[in-house]
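Take a look at the structure below.
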Amino acid sequence: MTQALDICIRGGGIVGSTLALLLARGRLRVGLVARAAAAPERDTPASGDVRAYALNAKSRALFESLRCWPDAQHATEVLAMQVKGDDGGMVNFSASELKVPGLTWIVDVPALETRLAEAVRFQAEIERLDAPQPAALTVICEGRASSTRSEFGIDFDVTPYPQTAIAARLQCEKPHGQTAFQWFSQGEILAFLPLDGPQGNSVGIVWSVQKTRVEALLSASANDFCQQLELASEGHLGKLKLISGRSAWPLQSAQAKRWIGTPAGGAWVLAGDAAHNVHPLAGQGLNLGLSDAAALAAILGQREYWRKLDDERLLRRYERSRKAEVLLMDATMDGLQGLFSRGGAGWQAARNWGMIGFEHSGPIKQWVARRAMGS
Ligand SMILES: Cc1cc2nc3c(=O)[nH]c(=O)nc-3n(C[C@H](O)[C@H](O)[C@H](O)COP(=O)(O)OP(=O)(O)OC[C@H]3O[C@@H](n4cnc5c(N)ncnc54)[C@H](O)[C@@H]3O)c2cc1C
């Protein structure tokens with residue numbers, strides 16, 4: 001007979017698996033209901049998994065502590081970032097200026113998921129499940145379309161953005177030089193994320209484009225698609241070659257009204273994208289989800305000996321400790337996205353003037369950069 005579970009985690013994506021490993025390390029008996037990763041809304045044939053995420057120093061330390069951080073080829077250290085506006089505005093960040101080894105790391109998601117899956121397999125306290133089982137506490141990590149969240153009647157306020165993100169991988173004529181690039185132009189945002197280590201010349205792209213352009217960009221020939229990217233990136237990395245399929249995700253900002261509940265049938269908690277979605281323009285969604293996992297594991301691990309895992313006060317501590325940071329990040333991403341979506345010469349001049357001012361703002365720029373780095 002199987003042992004009773006302390007915690008049942010529904011959803012074995014990156015947040016769910018990380019949480020399972022953290023709780024198991026704290027000697028809790030964990031059930032992990034995993035199934036294949038959620039597919040993008042739309043992708044071209046044989047697109048494979050094109051996801052590459054920017055993870056900050058805090059997330060890196062968390063994965064290192066679990067021995068799941070991928071090797072340097074699959075976690076490219078970013079030494080500089082260049083953000084360009086649509087009328088001469090520019091902001092630069094550099095690791096040496098901020099006196100940190102790296103601003104962020106661009107992580108190959110399949111490589112990270114493989115490391116996590118291996119760690120889960122070798123952790124005796126984690127039982128992989130095909131269906132949920134009763135436990136003192138259920139943690140819902142099923143991502144943005146969570147069915148358990150709906151089943152439990154938890155309100156999820158969704159504000160769709162007018163853009164969809166297209167992701168793909170490119171080989172570039174010039175090496176990326178460990179620099180991440182971002183271009184803002186007429187409500188669209190293009191990011192080039194350096195891949196394949198320090199000497200690499202391939203990038204992952206995240207291109208947030210108006211919904212009306214998505215179909216045309218997905219069905220364009222590889223040549224046409226690359227030509228449009230060369231234009232949008234001002235030829236910065238030279239000639240581009242598509243080396244993957246193209247996947248698309250509609251973008252939204254979303255917040256669960258409640259993150260915890262203690263009904264008679266069993267207590268529950270939300271974490272990761274099941275609790276919140278933010279615009280990916282600063283690559284913060286997963287970093288926030290990982291901070292949820294770390295906070296929940298720490299609060300449960302450090303609970304007073306007489307408190308049970310489903311103690312409402314304990315769970316409220318978690319909700320309080322995470323909601324403020326997530327709301328601030330969401331408001332910041334939403335504000336930036338809105339600012340760069342507005343038409344009209346006045347707004348264009350104002351935002352580019354703002355970027356120039358920010359570039360020279362010294363301590364304010366440093367403070368913002370450090371927040372994004374998770375410190
Ligand atoms: C285009 C784009 C670019 C992004 N770039 C970045 C970035 O650079 N940096 C960053 O930090 N974040 C980024 N994000 C955000 C990041 O993708 C998410 O925050 C992250 O994937 C959330 O992880 P999760 O584990 O909470 O959810 P998910 O990744 O959605 O995983 C949920 C898991 O639960 C499973 N599941 C669902 N329903 C059930 C069920 N009923 N039973 C069992 N299992 C279930 C799914 O199959 C999946 O495996 C980006 C997002 C987008 C759209």
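Here, A, B, ... name the chains of the structure tokens in the order displayed, residue numbers run from 1 inside each chain, and ligands are numbered from 1 in the same displayed order.
Proximity to A:Ala57 at 10 Å, evaluated using only C-alpha atoms and with sequence-adjacent residues fewer than 2 positions away removed, yields Leu55, Ser59, Arg60, Ala61, Leu62, Phe63, Val100, Pro101, Gly102, Leu103, Thr104, Trp105, Asn287, Ala372, Met373, Gly374 and Ser375 of chain A.
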Pick out the residues sitting within 8 Å of stretch 206-222 of chain A, and hand them over as a list in words; count only C-alpha atoms, and ignore anything fewer than 3 positions along from it in its own chain.
->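 Residues near the query, excluding close chain neighbours: Asp43, Thr44, Pro162, Gln163, Thr164, Ala165, Ile166, Ala167, Ala168, Gly187, Glu188, Ile189, Leu190, Ala191, Phe192, Phe225, Cys226, Lys241, Leu242 and Arg246 of chain A.
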Mind listing the residues within 7 Å of ligand 1, only C-alpha atoms and all ligand atoms counted, as a PyMOL selection string?
-> chain A and resi 10-16+33-38+52-55+141-148+165-167+206+249+251+271-274+277+280+283-289
Give me the residues of stretch 211-270 of chain A that have any atom at most 10 Å from an atom of stretch 116-138 of chain A; for each, the nearest atom pair and the distance in Å, rounded to one decimal. Use only C-alpha atoms, sort by chain and number, and format it as a tab-separated table.
```
residue	atom	partner	partner_atom	distance
A:Ile260	CA	A:Thr138	CA	9.9
A:Gly261	CA	A:Thr138	CA	9.9
A:Thr262	CA	A:Leu137	CA	9.0
A:Gly265	CA	A:Pro134	CA	9.5
A:Gly266	CA	A:Leu137	CA	6.6
A:Ala267	CA	A:Leu137	CA	5.1
A:Trp268	CA	A:Thr138	CA	4.6
A:Val269	CA	A:Thr138	CA	6.4
A:Leu270	CA	A:Thr138	CA	8.7
```
Written file, previous selection with C-alpha atoms, as a PDB file, in the first residue's frame:
```pdb
ATOM      1  CA  ILE A 260      -5.333  29.888  -1.091  1.00  0.00           C
ATOM      2  CA  GLY A 261      -8.431  28.194   0.266  1.00  0.00           C
ATOM      3  CA  THR A 262      -9.210  25.962   3.223  1.00  0.00           C
ATOM      4  CA  GLY A 265     -12.909  19.044   1.441  1.00  0.00           C
ATOM      5  CA  GLY A 266      -9.198  19.942   1.576  1.00  0.00           C
ATOM      6  CA  ALA A 267      -6.930  22.993   1.519  1.00  0.00           C
ATOM      7  CA  TRP A 268      -5.464  24.300  -1.752  1.00  0.00           C
ATOM      8  CA  VAL A 269      -2.847  26.782  -2.903  1.00  0.00           C
ATOM      9  CA  LEU A 270      -2.054  28.251  -6.330  1.00  0.00           C
TER      10      LEU A 270
END
```
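Of note, atom CA of A:Gln366 and atom CA of A:Leu328 are spaced 17.5 Å apart.
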Report the residues of stretch 281-340 of chain A whose backbone DSSP state falls under helix (DSSP H, G or I), written as a CSV table (one decimal) with N, CA, C and O atoms, in the first residue's frame.
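Generated output (out24.csv):
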```csv
chain,number,residue,atom,x,y,z
A,281,LEU,N,7.5,40.7,-21.8
A,281,LEU,CA,8.5,41.6,-22.3
A,281,LEU,C,9.8,41.7,-21.5
A,281,LEU,O,10.8,42.1,-22.0
A,282,ALA,N,9.7,41.5,-20.2
A,282,ALA,CA,10.9,41.5,-19.4
A,282,ALA,C,11.3,40.1,-18.9
A,282,ALA,O,12.2,40.0,-18.0
A,285,GLY,N,7.9,35.9,-16.0
A,285,GLY,CA,6.8,35.1,-15.5
A,285,GLY,C,7.3,33.8,-14.8
A,285,GLY,O,6.8,33.6,-13.7
A,286,LEU,N,8.2,33.1,-15.3
A,286,LEU,CA,8.7,31.9,-14.6
A,286,LEU,C,9.5,32.3,-13.4
A,286,LEU,O,9.4,31.6,-12.3
A,287,ASN,N,10.3,33.4,-13.5
A,287,ASN,CA,11.1,33.8,-12.3
A,287,ASN,C,10.1,34.1,-11.1
A,287,ASN,O,10.4,33.7,-10.0
A,288,LEU,N,8.9,34.7,-11.4
A,288,LEU,CA,7.9,34.9,-10.3
A,288,LEU,C,7.4,33.5,-9.8
A,288,LEU,O,7.3,33.3,-8.6
A,289,GLY,N,7.1,32.6,-10.7
A,289,GLY,CA,6.6,31.3,-10.4
A,289,GLY,C,7.6,30.5,-9.5
A,289,GLY,O,7.2,29.8,-8.5
A,290,LEU,N,8.9,30.7,-9.8
A,290,LEU,CA,9.9,30.0,-9.0
A,290,LEU,C,10.0,30.6,-7.6
A,290,LEU,O,10.2,29.9,-6.6
A,291,SER,N,9.8,31.9,-7.6
A,291,SER,CA,9.8,32.5,-6.2
A,291,SER,C,8.6,32.1,-5.4
A,291,SER,O,8.7,32.0,-4.2
A,292,ASP,N,7.5,31.8,-6.1
A,292,ASP,CA,6.3,31.3,-5.4
A,292,ASP,C,6.7,29.9,-4.8
A,292,ASP,O,6.4,29.7,-3.6
A,293,ALA,N,7.3,29.1,-5.6
A,293,ALA,CA,7.7,27.7,-5.1
A,293,ALA,C,8.6,27.8,-3.9
A,293,ALA,O,8.5,27.1,-2.9
A,294,ALA,N,9.6,28.7,-4.1
A,294,ALA,CA,10.6,28.8,-3.0
A,294,ALA,C,10.0,29.3,-1.7
A,294,ALA,O,10.3,28.8,-0.6
A,295,ALA,N,9.1,30.3,-1.9
A,295,ALA,CA,8.4,30.9,-0.7
A,295,ALA,C,7.5,29.9,0.0
A,295,ALA,O,7.5,29.7,1.2
A,296,LEU,N,6.7,29.1,-0.8
A,296,LEU,CA,5.8,28.2,-0.2
A,296,LEU,C,6.6,27.1,0.5
A,296,LEU,O,6.3,26.7,1.6
A,297,ALA,N,7.7,26.6,-0.1
A,297,ALA,CA,8.5,25.5,0.5
A,297,ALA,C,9.1,26.0,1.8
A,297,ALA,O,9.1,25.3,2.8
A,298,ALA,N,9.6,27.3,1.8
A,298,ALA,CA,10.2,27.8,3.0
A,298,ALA,C,9.2,28.0,4.1
A,298,ALA,O,9.4,27.6,5.3
A,299,ILE,N,8.0,28.5,3.8
A,299,ILE,CA,7.0,28.7,4.8
A,299,ILE,C,6.5,27.4,5.4
A,299,ILE,O,6.3,27.3,6.6
A,300,LEU,N,6.3,26.4,4.5
A,300,LEU,CA,5.8,25.1,5.1
A,300,LEU,C,6.9,24.4,5.9
A,300,LEU,O,6.7,23.8,6.9
A,301,GLY,N,8.2,24.6,5.4
A,301,GLY,CA,9.3,23.9,6.1
A,301,GLY,C,9.6,24.5,7.4
A,301,GLY,O,10.0,23.8,8.3
A,312,GLU,N,-4.7,27.7,8.0
A,312,GLU,CA,-5.0,28.8,7.2
A,312,GLU,C,-4.1,30.0,7.4
A,312,GLU,O,-3.7,30.6,6.4
A,313,ARG,N,-3.6,30.2,8.6
A,313,ARG,CA,-2.7,31.3,8.9
A,313,ARG,C,-1.4,31.1,8.1
A,313,ARG,O,-0.8,32.0,7.6
A,314,LEU,N,-0.9,29.8,8.1
A,314,LEU,CA,0.3,29.5,7.4
A,314,LEU,C,0.2,29.8,5.9
A,314,LEU,O,1.0,30.4,5.3
A,315,LEU,N,-0.9,29.4,5.3
A,315,LEU,CA,-1.1,29.6,3.9
A,315,LEU,C,-1.3,31.0,3.6
A,315,LEU,O,-0.8,31.5,2.5
A,316,ARG,N,-1.9,31.8,4.5
A,316,ARG,CA,-2.0,33.2,4.3
A,316,ARG,C,-0.7,33.9,4.2
A,316,ARG,O,-0.5,34.9,3.5
A,317,ARG,N,0.2,33.4,5.0
A,317,ARG,CA,1.6,34.0,5.0
A,317,ARG,C,2.2,33.9,3.6
A,317,ARG,O,2.8,34.8,3.1
A,318,TYR,N,2.0,32.7,3.0
A,318,TYR,CA,2.4,32.5,1.6
A,318,TYR,C,1.8,33.5,0.7
A,318,TYR,O,2.5,34.2,-0.1
A,319,GLU,N,0.5,33.6,0.8
A,319,GLU,CA,-0.3,34.5,-0.2
A,319,GLU,C,0.2,36.0,0.0
A,319,GLU,O,0.5,36.6,-1.0
A,320,ARG,N,0.4,36.4,1.3
A,320,ARG,CA,0.8,37.8,1.5
A,320,ARG,C,2.2,38.0,1.0
A,320,ARG,O,2.5,39.0,0.4
A,321,SER,N,3.1,37.0,1.2
A,321,SER,CA,4.5,37.2,0.9
A,321,SER,C,4.7,37.3,-0.6
A,321,SER,O,5.6,37.9,-1.1
A,322,ARG,N,3.8,36.8,-1.4
A,322,ARG,CA,4.0,36.7,-2.9
A,322,ARG,C,3.1,37.7,-3.7
A,322,ARG,O,3.6,38.2,-4.7
A,323,LYS,N,1.9,38.0,-3.2
A,323,LYS,CA,1.0,38.8,-4.0
A,323,LYS,C,1.6,40.2,-4.4
A,323,LYS,O,1.4,40.7,-5.5
A,324,ALA,N,2.2,40.9,-3.4
A,324,ALA,CA,2.7,42.2,-3.6
A,324,ALA,C,3.7,42.3,-4.8
A,324,ALA,O,3.6,43.1,-5.7
A,325,GLU,N,4.6,41.4,-4.7
A,325,GLU,CA,5.7,41.4,-5.8
A,325,GLU,C,5.1,41.1,-7.2
A,325,GLU,O,5.4,41.8,-8.2
A,326,VAL,N,4.1,40.2,-7.2
A,326,VAL,CA,3.5,39.8,-8.5
A,326,VAL,C,2.7,41.0,-9.0
A,326,VAL,O,2.8,41.3,-10.2
A,327,LEU,N,1.9,41.7,-8.1
A,327,LEU,CA,1.1,42.8,-8.6
A,327,LEU,C,2.0,43.9,-9.1
A,327,LEU,O,1.7,44.5,-10.1
A,328,LEU,N,3.1,44.2,-8.4
A,328,LEU,CA,4.0,45.3,-8.9
A,328,LEU,C,4.6,44.9,-10.2
A,328,LEU,O,4.6,45.8,-11.1
A,329,MET,N,5.0,43.7,-10.4
A,329,MET,CA,5.6,43.3,-11.7
A,329,MET,C,4.6,43.4,-12.8
A,329,MET,O,4.8,43.9,-13.9
A,330,ASP,N,3.3,42.9,-12.5
A,330,ASP,CA,2.3,42.9,-13.5
A,330,ASP,C,2.0,44.4,-13.9
A,330,ASP,O,1.9,44.7,-15.1
A,331,ALA,N,1.9,45.3,-12.9
A,331,ALA,CA,1.6,46.7,-13.2
A,331,ALA,C,2.7,47.3,-14.0
A,331,ALA,O,2.5,48.1,-15.0
A,332,THR,N,4.0,47.0,-13.7
A,332,THR,CA,5.1,47.5,-14.5
A,332,THR,C,5.1,47.1,-15.9
A,332,THR,O,5.2,47.8,-16.8
A,333,MET,N,4.9,45.7,-16.1
A,333,MET,CA,4.9,45.2,-17.5
A,333,MET,C,3.7,45.8,-18.3
A,333,MET,O,3.8,46.1,-19.4
A,334,ASP,N,2.6,45.9,-17.6
A,334,ASP,CA,1.4,46.4,-18.2
A,334,ASP,C,1.6,47.8,-18.7
A,334,ASP,O,1.2,48.2,-19.8
A,335,GLY,N,2.2,48.6,-17.8
A,335,GLY,CA,2.4,50.0,-18.0
A,335,GLY,C,3.4,50.2,-19.2
A,335,GLY,O,3.1,51.0,-20.1
A,336,LEU,N,4.5,49.4,-19.2
A,336,LEU,CA,5.5,49.5,-20.3
A,336,LEU,C,4.8,49.1,-21.7
A,336,LEU,O,5.0,49.8,-22.7
A,337,GLN,N,4.1,48.0,-21.6
A,337,GLN,CA,3.4,47.5,-22.8
A,337,GLN,C,2.5,48.6,-23.3
A,337,GLN,O,2.5,48.9,-24.5
A,338,GLY,N,1.7,49.2,-22.4
A,338,GLY,CA,0.7,50.2,-22.8
A,338,GLY,C,1.4,51.5,-23.4
A,338,GLY,O,1.0,52.0,-24.4
A,339,LEU,N,2.5,51.9,-22.7
A,339,LEU,CA,3.2,53.1,-23.2
A,339,LEU,C,3.7,52.9,-24.6
A,339,LEU,O,3.7,53.8,-25.4
A,340,PHE,N,4.2,51.7,-24.9
A,340,PHE,CA,4.8,51.5,-26.3
A,340,PHE,C,3.7,51.1,-27.3
A,340,PHE,O,4.1,50.9,-28.4
```
For A:Ala95, which of A:Thr76, A:Gln227, A:Thr179, A:Ser341 is the closest residue, counting only C-alpha atoms?
->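 Among A:Thr76, A:Gln227, A:Thr179, A:Ser341, it is A:Thr179 that comes nearest to A:Ala95.
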Quick one, how far is atom CA of A:Gln171 from atom CA of A:Val203?
-> 6.5 Å
Any chance you could list, as a ChimeraX atom specification, the residues in stretch 39-188 of chain A that come up strand (DSSP E) when DSSP is run on the backbone?
-> /A:42-43,52-55,75-78,80-84,90-94,104-108,126-129,135-140,156-172,179-185,188
What would the file look like if the residues just selected were written as an mmCIF file, in the first residue's frame with C-alpha atoms?
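Result written to again-v7.cif:
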```cif
data_model
loop_
_atom_site.group_PDB
_atom_site.id
_atom_site.type_symbol
_atom_site.label_atom_id
_atom_site.label_comp_id
_atom_site.auth_asym_id
_atom_site.auth_seq_id
_atom_site.Cartn_x
_atom_site.Cartn_y
_atom_site.Cartn_z
ATOM 1 C CA ARG A 42 -0.522 27.496 -32.657
ATOM 2 C CA ASP A 43 2.675 26.202 -34.223
ATOM 3 C CA ALA A 52 14.195 29.690 -24.248
ATOM 4 C CA TYR A 53 13.629 31.686 -21.048
ATOM 5 C CA ALA A 54 15.562 34.444 -19.346
ATOM 6 C CA LEU A 55 16.141 33.330 -15.757
ATOM 7 C CA ALA A 75 22.297 28.433 -20.030
ATOM 8 C CA THR A 76 23.969 31.324 -21.810
ATOM 9 C CA GLU A 77 25.179 34.066 -19.507
ATOM 10 C CA VAL A 78 24.047 37.524 -20.650
ATOM 11 C CA ALA A 80 24.813 43.117 -21.773
ATOM 12 C CA MET A 81 21.321 44.165 -22.799
ATOM 13 C CA GLN A 82 20.366 46.725 -25.409
ATOM 14 C CA VAL A 83 16.805 48.034 -25.508
ATOM 15 C CA LYS A 84 15.850 50.322 -28.413
ATOM 16 C CA MET A 90 17.929 53.501 -26.085
ATOM 17 C CA VAL A 91 18.717 51.872 -22.727
ATOM 18 C CA ASN A 92 21.830 49.759 -22.105
ATOM 19 C CA PHE A 93 22.527 47.463 -19.185
ATOM 20 C CA SER A 94 25.882 45.878 -18.549
ATOM 21 C CA THR A 104 20.469 37.040 -16.645
ATOM 22 C CA TRP A 105 20.841 33.594 -18.233
ATOM 23 C CA ILE A 106 19.033 32.404 -21.354
ATOM 24 C CA VAL A 107 18.062 28.855 -20.586
ATOM 25 C CA ASP A 108 17.159 26.202 -23.136
ATOM 26 C CA ILE A 126 8.145 12.068 -4.785
ATOM 27 C CA GLU A 127 5.527 9.764 -6.222
ATOM 28 C CA ARG A 128 4.581 10.448 -9.845
ATOM 29 C CA LEU A 129 0.823 10.116 -10.244
ATOM 30 C CA ALA A 135 -3.441 14.946 0.685
ATOM 31 C CA ALA A 136 -3.311 17.451 3.547
ATOM 32 C CA LEU A 137 -2.652 20.184 0.973
ATOM 33 C CA THR A 138 -3.173 20.402 -2.813
ATOM 34 C CA VAL A 139 -0.953 22.809 -4.763
ATOM 35 C CA ILE A 140 -2.229 23.794 -8.198
ATOM 36 C CA PHE A 156 -9.175 34.273 -12.530
ATOM 37 C CA ASP A 157 -9.268 37.845 -13.889
ATOM 38 C CA VAL A 158 -7.884 37.821 -17.418
ATOM 39 C CA THR A 159 -7.043 40.878 -19.542
ATOM 40 C CA PRO A 160 -5.992 39.790 -23.041
ATOM 41 C CA TYR A 161 -3.308 41.858 -24.795
ATOM 42 C CA PRO A 162 -3.791 42.748 -28.464
ATOM 43 C CA GLN A 163 -0.541 40.888 -29.259
ATOM 44 C CA THR A 164 0.503 37.279 -29.682
ATOM 45 C CA ALA A 165 4.097 36.157 -29.064
ATOM 46 C CA ILE A 166 5.848 34.194 -31.803
ATOM 47 C CA ALA A 167 8.885 32.196 -30.680
ATOM 48 C CA ALA A 168 11.507 30.549 -32.893
ATOM 49 C CA ARG A 169 15.248 29.994 -33.147
ATOM 50 C CA LEU A 170 17.613 31.629 -35.637
ATOM 51 C CA GLN A 171 21.188 31.304 -36.700
ATOM 52 C CA CYS A 172 22.805 34.710 -37.175
ATOM 53 C CA THR A 179 24.135 40.389 -25.525
ATOM 54 C CA ALA A 180 20.335 40.312 -25.407
ATOM 55 C CA PHE A 181 18.572 42.778 -27.725
ATOM 56 C CA GLN A 182 15.081 44.211 -27.662
ATOM 57 C CA TRP A 183 13.346 46.520 -30.128
ATOM 58 C CA PHE A 184 10.078 48.333 -29.394
ATOM 59 C CA SER A 185 8.211 49.450 -32.494
ATOM 60 C CA GLU A 188 5.280 45.355 -31.193
#
```
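With only C-alpha atoms as the atoms that count, the minimum distance from A:Gly197 to the choices A:Ala232, A:Ala111, A:Ala275, A:Ala72 is reached by A:Ala72.
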Compare A:Arg370, A:His74, A:Arg27, A:Lys99 by their minimum atom-to-atom distance to A:Ser202, counting only C-alpha atoms, and give me the closest one.
-> A:His74
